[in-house]
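Enquirer: First, the structure itself, so that you have it in front of you.
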Amino acid sequence: MNRITDIFACVFAAVIMVSCGSFDIKENSGEDIAVFPDYKDVTVPFNIAPLNFMTDDVQKGKVMVATENGEHLVRPFKGGKVSFPVRRWHSLLESAKGGTLSVTVMDADGKAYKPFCIYVAEEPVDKYVAYRLIEPGYVLWNEMGIYQRDLESFRQSAVVENKDLDYACVNCHNFADRDPQAMVFHARKTEYGGTYVNVDGRFEKLDTKTPQTISALVYPSWHTSRRYIAFSVNSTAQTFHVSDPNKIEVYDSKSDVVVYDVEKRKLLTSSSLFSRSSFETFPSFSNDGSKLYYCTADSLKMPTSYKSLKYALCSVEFDAETASFGKVDTLVRAENESVTMPRMSPDGRYMLYTSTAYGNFTVWHKDADLVLVDLESGERHEADRWNSGEAESYHSWSGNSRWVVFSTRRTDGDYTRLCLGYISPEGKLGKAFLLPQRDPEQNKRLMKSYNISEFAAGKISPKGYAVRNASDSYKVEFAGSYRPEEVDAATGASAVSVN
Amino acid sequence: MSYSVLFVAIWSLIYFEGRYMIYIQEQTQLFQNDWYYLTDNISQTGGFASMLKEALVQFCHLPLLGSIILSLAALAAFACTASCIRTISGKAGHIELAGVAPLVPLLYSLMVCEDAYPLVTYAVTMAVASGVIKAGRKYSWIVAAAVSPLLFHACGAAALLLPLIVLVYGIAKGESAKERIFSVVPLAVYGIFGWISIITDHIAGTGEFLMYRIPFYESNAGADFSVPAMAAWAFALACVGAAFLISRVSSRKTASLVTAISIPVIAGITICQLPDKEYAANVGYGRYKDWAKLHYLYSTGRYDDLLDLYADNAPSTSVESNYINLALYRTGRLTTDFFRYSPGWMHQSLRAEWLDMQFPFPFIWVEVCDEMGALAKAHQSAFEGNILAGPRGSAPMMRYLAEAEIVRGNYKTAERYLDKLDDTVFYRKWACAQREFLSDQAVSSNEHYSVKRACYYDESRTLYDMNDLWLMKEVAANNPKHRSTYDYAGLMILAAGELNTFVDFMMEMTAAGVCQLPLPPVFQQAMAMAFAGNQNALNIYRIDPKLVDDYKEYSLAVNGKMKNGSMANAVVSKNRDKYWHYLYGLMKANSSRK
């Protein structure tokens with residue numbers, strides 16, 4: 001957006017405010033106001049919930065939000081917390097679509113602070129985002145759950161909570177093309193442990209540990225056909241740094257990638273995904289399903305070599321008709337960075353991944369940042385407008401490829417929160433903003449982390465009842481020809497070929 | 001008058017039997033005077049009662065005050081039960097019967113689940129029930145039908161008592177068949193409420209209502225729905241029913257007799273039969289109570305009282321040993337009296353991780369790791385302990401987390417914990433005082449924090465590839481001011497009977513400039529044995545020749561000159577109260593070398 005236009009808009013809005021009867025400014029101080037969350041100059045979708053914020057600078061006063069065409073909303077506030085009515089806010093954003101909102105805060109004495117701008121994009125964001133809420137813990141957990149949040153309001157509801165499942169660990173939820181009806185997630189420990197797949201109204205519990213794979217299924221990615229779901233299988237452990245600012249190191253000592261055939265309940269793989277000389281993880285199908293992206297690194301001795309472990313980003317061709325794999329290609333080499341969590345935009349234009357100095361569990365790496373690769377030009381860009389000095393990690397794309405929701409530890413370095421970032425059709429990034437909350441202090445008060453943020457196009461029906469009443473679990477079989485004599489002693493990986 | 005007597009009886013029970021237990025309850029919850037806390041709680045099933053419980057239990061930080069408040073809550077439960085009985089039976093003289101039913105939640109709260117939640121939910125439900133039936137029989141069923149779902153949301157399973165009491169009331173006082181039938185309505189509403197939920201769930205395929213609206217499914221009320229808890233509620237209900245019945249058909253004398261017999265029987269059954277068998281086998285009420293007492297004495301700085309408990313008794317668990325060690329350290333006697341109290345497996349107990357998930361183990365484990373200088377481990381353990389305490393966390397664990405984050409320089413995270421503690425009654429002062437340390441400059445100018453921060457010396461290793469002793473040696477060498485690390489490390493080696501390792505350790509510490517002369521008494525004794533005959537070394541470490549003479553027998557054992565027969569036994573026998581395990585360790589090590 002043109003900078004001059006922005007400045008003009010802000011000045012125009014300020015003029016509107018001054019002329020507004022209910023917002024009598026006695027003094028334009030020109031001072032910057034510090035707001036939390038940082039909503040200054042952010043780009044938001046026009047259907048986002050109100051950007052309630054708090055400030056230490058003014059305890060009692062008024063706030064005015066104005067569009068370029070003169071529509072405005074004035075709200076009194078106290079306790080330093082500013083909140084907006086949902087309907088009025090949406091009406092304002094609707095008229096500001098593609099333009100700018102100017103926000104001016106005035107204290108009770110009529111002293112106005114320097115207005116700040118909020119850019120309103122024309123493209124909407126998916127209505128729902130699903131995430132897990134859990135303490136950013138180490139080994140133990142207590143209450144946790146997968147929840148969904150209506151991004152147009154502040155409504156949060158449970159998809160599945162572990163108190164419904166005898167306090168099992170619920171994790172790694174994923175949707176097929178953001179379809180709330182096609183969901184997969186895992187439950188760990190307790191009698192409810194297993195992988196739960198909900199597709200076409202069927203809800204199945206799967207026992208996914210096979211003699212040939214090193215673990216039950218872990219990180220998922222649906223194929224566009226919905227017949228397949230790629231998973232990693234990982235032997236994951238964690239250890240604690242003695243004095244590193246990154247408190248924890250989570251690592252895989254073994255990992256492979258397999259593809260689950262939903263219809264046949266069988267696991268497929270290829271030697272490139274199931275290699276004994278390397279770790280493969282974070283599978284992610286391309287937007288058209290013709291490729292399976294994954295991260296791969298040399299199989300080093302862990303955890304002693306944890307700092308030397310760097311993952312490259314590769315892809316292998318996948319033919320859904322014949323369930324066969326083809327050539328392997330390398331998109332990003334593991335030279336100066338370690339690549340994790342690759343996700344292609346639905347329009348196929350970008351590949352977004354998390355980059356860190358080493359390893360793959362980036363939420364505990366303060367240096368972890370989001371990186372975009374333009375698949376047309378092959379150019380690599382740090383997503384500077386989205387990144388912060390703390391960890392940025394898990395991410396997913398909205399259906400229209402204009403929005404990304406990602407996890408970030410920018411508020412304090414420990415408790416993960418969600419941010420939304422905008423990318424224009426021309427590839428320009430808007431400044432990311434923290435997921436709005438009805439009470440902005442929630443960001444500081446909630447003692448849980450948000451993780452695995454996945455957009456959903458509609459409301460997800462709660463799964464607790466279905467899980468509790470799931471039929472006997474189906475045993476998943478391995479479809480590769482397994483040669484146990486070739487199991488690598490160090491990694492546990494074996495040589496396989498697909499039937 | 002009778003209520004005064006009852007209050008004294010309840011208070012005596014809570015204070016003398018359970019004051020340490022209620023103190024632990026306070027330590028594993030976090031009530032906050034905060035709007036966010038309020039709304040978050042109220043939105044959950046059982047949340048209101050849970051919040052009310054935490055509001056009351058916070059005062060158990062001072063057990064005398066807490067026991068009075070809980071006694072008042074219990075008294076309210078008795079009073080409301082008595083009111084219900086009086087209203088239903090129409091007899092004022094049967095108040096003794098009210099003593100039977102609330103006994104179950106009271107004892108259950110105090111001794112079985114160590115959580116005041118059952119008592120509080122019972123008191124609230126009975127308060128509502130007594131209020132509802134006082135509305136008069138013509139209206140009570142309407143009020144109860146309207147209130148039941150709300151009460152369930154506020155109090156969880158205990159809310160079932162309301163429609164049942166209204167049913168008993170209707171049957172007892174109804175003047176016509178119509179009135180008696182109406183008294184079933186609240187229970188029917190309660191049931192229909194549940195069945196509608198079930199049907200809705202099946203149609204919608206969601207299960208959302210089923211999970212959160214009817215009993216017998218777990219909710220945020222937590223232990224409220226466990227099998228023993230449900231048994232307790234059923235028992236309480238049976239008691240209420242029986243009390244009504246007896247009050248209707250019997251004289252006051254009979255009622256008193258039944259009460260007199262019932263109370264010990266019910267108390268016995270509640271205490272002995274209701275606890276989860278596995279839990280009882282693993283922990284046991286007596287053992288837990290002992291630990292609670294140790295924690296209370298340690299937390300309140302009564303170190304000598306704590307040590308006095310073991311003047312004539314050897315500790316038998318790692319929790320006890322660790323509390324003794326910390327008390328010794330706090331009183332400056334760790335390196336003087338270490339072997340006076342510790343059993344032979346002390347070394348293992350120090351290194352064992354999470355032997356027991358039951359509080360107060362996490363508290364003591366965090367303290368020990370912190371004193372050992374294993375701050376990353378202490379930090380991790382505090383976080384786990386905070387999670388283990390429950391969804392709201394634990395104030396002492398949060399206090400340690402705040403401190404740990406200040407030490408690490410993560411001031412924003414520290415603020416998050418301080419904000420929480422700011423909203424409490426008993427931790428606010430501490431939290432306010434820590435706010436001045438939210439900068440590097442303030443930390444470096446504060447002795448406590450700066451010494452702790454130096455424990456995070458530049459080390460790229462993880463805890464995976466180092467053991468505690470290795471880490472402690474590094475911390476002791478890099479951070480001589482953290483004196484407890486040096487003390488603990490030396491004692492850990494000695495407790496393992498590894499005298500050669502101890503000598504190596506002392507040499508390393510000497511080279512690092514950590515070793516200060518004169519050595520602590522226990523260290524001197526060890527060096528006297530190790531260097532017996534080596535006058536040069538004895539001189540370097542300024543070991544008194546008399547000490548060498550005193551420890552002649554041990555020296556012989558160490559050097560393998562004592563036969564493992566009668567002479568060794570004689571030494572063990574002679575020193576059993578102080579050093580037998582020490583000698584045993586040395587002899588064992590000596591024997592294995594051979």
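Residues in the structure tokens are numbered from 1 in each chain, the chains being A, B, ... in the order shown, and ligands are numbered from 1 in the order shown.
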Got a sec: who's within 10 Å of Gly390 (chain B), counting only C-alpha atoms, leaving out chain neighbours fewer than 4 positions off, as a list of chain:residue names?
Expert: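 These residues fall inside the cut-off: A:Trp141, A:Asn142, A:Glu143, B:Thr28, B:Gln29, B:Leu30, B:Gly222, B:Gly385, B:Asn386, B:Ser394.
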Enquirer: Please identify all residues of chain A having at least one atom at most 10 Å from any atom of chain B, considering only C-alpha atoms, and return them as a ChimeraX atom specification.
Expert: /A:135-144,157-161,163-167,201,238-245,247-249,303-304,306-307,411-415,439,441-448,460-469
Enquirer: Which one of B:Ala76, B:Val100, B:Val240, B:Ala528 sits closest to Leu161 (chain B) if you count only C-alpha atoms?
Expert: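 Closest to Leu161 (chain B) of all the choices is B:Val240.
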Enquirer: Would you mind writing down, as number ranges by chain, each residue of region 44-175 of chain A that DSSP on the backbone assigns to strand (DSSP E)?
Expert: A: 44-45, 53-54, 60-67, 72-78, 81-82, 100-107, 111-112, 116-121, 128-134, 145-150, 156-161, 169-175
Enquirer: Residues near Val514 (chain B), anyone? I mean within 12 Å using only C-alpha atoms, not counting same-chain ones fewer than 2 positions away, as a PDB file with C-alpha atoms, in the first residue's frame.
Expert:
```
ATOM      1  CA  LYS B 473      31.416 -30.466  40.053  1.00  0.00           C
ATOM      2  CA  GLU B 474      31.219 -28.059  37.147  1.00  0.00           C
ATOM      3  CA  VAL B 475      28.902 -25.706  38.982  1.00  0.00           C
ATOM      4  CA  ALA B 476      31.006 -25.854  42.145  1.00  0.00           C
ATOM      5  CA  ALA B 477      34.163 -25.081  40.163  1.00  0.00           C
ATOM      6  CA  ASN B 478      32.558 -22.310  38.104  1.00  0.00           C
ATOM      7  CA  ASN B 479      30.486 -20.780  40.841  1.00  0.00           C
ATOM      8  CA  PRO B 480      32.303 -21.083  44.207  1.00  0.00           C
ATOM      9  CA  LYS B 481      29.790 -18.775  45.859  1.00  0.00           C
ATOM     10  CA  HIS B 482      27.071 -21.368  45.385  1.00  0.00           C
ATOM     11  CA  ARG B 483      28.399 -23.168  48.438  1.00  0.00           C
ATOM     12  CA  SER B 484      25.647 -25.751  48.732  1.00  0.00           C
ATOM     13  CA  THR B 485      26.732 -27.348  45.445  1.00  0.00           C
ATOM     14  CA  TYR B 486      30.204 -28.006  46.810  1.00  0.00           C
ATOM     15  CA  ASP B 487      28.785 -29.399  50.048  1.00  0.00           C
ATOM     16  CA  PHE B 505      36.916 -34.178  43.856  1.00  0.00           C
ATOM     17  CA  MET B 506      38.733 -32.350  46.637  1.00  0.00           C
ATOM     18  CA  MET B 507      41.809 -32.001  44.484  1.00  0.00           C
ATOM     19  CA  GLU B 508      39.727 -30.556  41.663  1.00  0.00           C
ATOM     20  CA  MET B 509      38.066 -28.152  44.057  1.00  0.00           C
ATOM     21  CA  THR B 510      41.441 -27.182  45.486  1.00  0.00           C
ATOM     22  CA  ALA B 511      42.771 -26.488  42.008  1.00  0.00           C
ATOM     23  CA  ALA B 512      39.672 -24.404  41.224  1.00  0.00           C
ATOM     24  CA  GLN B 516      38.443 -23.473  51.890  1.00  0.00           C
ATOM     25  CA  LEU B 517      40.406 -24.504  54.924  1.00  0.00           C
ATOM     26  CA  LEU B 519      37.481 -28.298  55.661  1.00  0.00           C
TER      27      LEU B 519
END
```
Enquirer: Between B:Ala378, B:Gly18, B:Lys138, B:Gln525, single out the one closest to Ser176 (chain B), counting only C-alpha atoms.
Expert: B:Lys138
Enquirer: So, with only C-alpha atoms as the atoms that count, which of B:Phe437, B:Thr121, B:Pro149, B:Thr87 lies closest to Val166 (chain B)?
Expert: B:Thr87
Enquirer: Between A:Ser95, A:Thr100, A:Phe478, A:Val105, which residue has the minimum interatomic distance to Pro76 (chain A), considering only C-alpha atoms?
Expert: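 The shortest atom-to-atom distance to Pro76 (chain A) comes from A:Val105.
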Enquirer: Restricting the calculation to only C-alpha atoms: of B:Ala101, B:Ala314, B:Met111, B:Leu106, which residue gets closest to Ala243 (chain B)?
Expert: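 Closest to Ala243 (chain B) of all the choices is B:Ala101.
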Enquirer: In Å to one decimal, how far is CA of Tyr296 (chain B) from CA of Ala73 (chain B)?
Expert: 23.1 Å
Enquirer: Would you kindly return, as a ChimeraX atom specification, each protein, DNA or RNA residue with an atom no farther than 6 Å from any atom of Tyr228 (chain A), considering only C-alpha atoms and excluding same-chain residues fewer than 2 positions away?
Expert: /A:223,226,260-262
Enquirer: Compile the contact shell of Tyr219 (chain A) as a list in words: residues with an atom at most 9 Å away, counting only C-alpha atoms, same-chain residues fewer than 5 positions apart removed.
Expert: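 Final neighbour list, sorted by chain and number: Cys172, His173, Asn174, Ala230, Phe231, Ser232, Val233, Asn234, Thr281, Phe282 and Pro283 of chain A.
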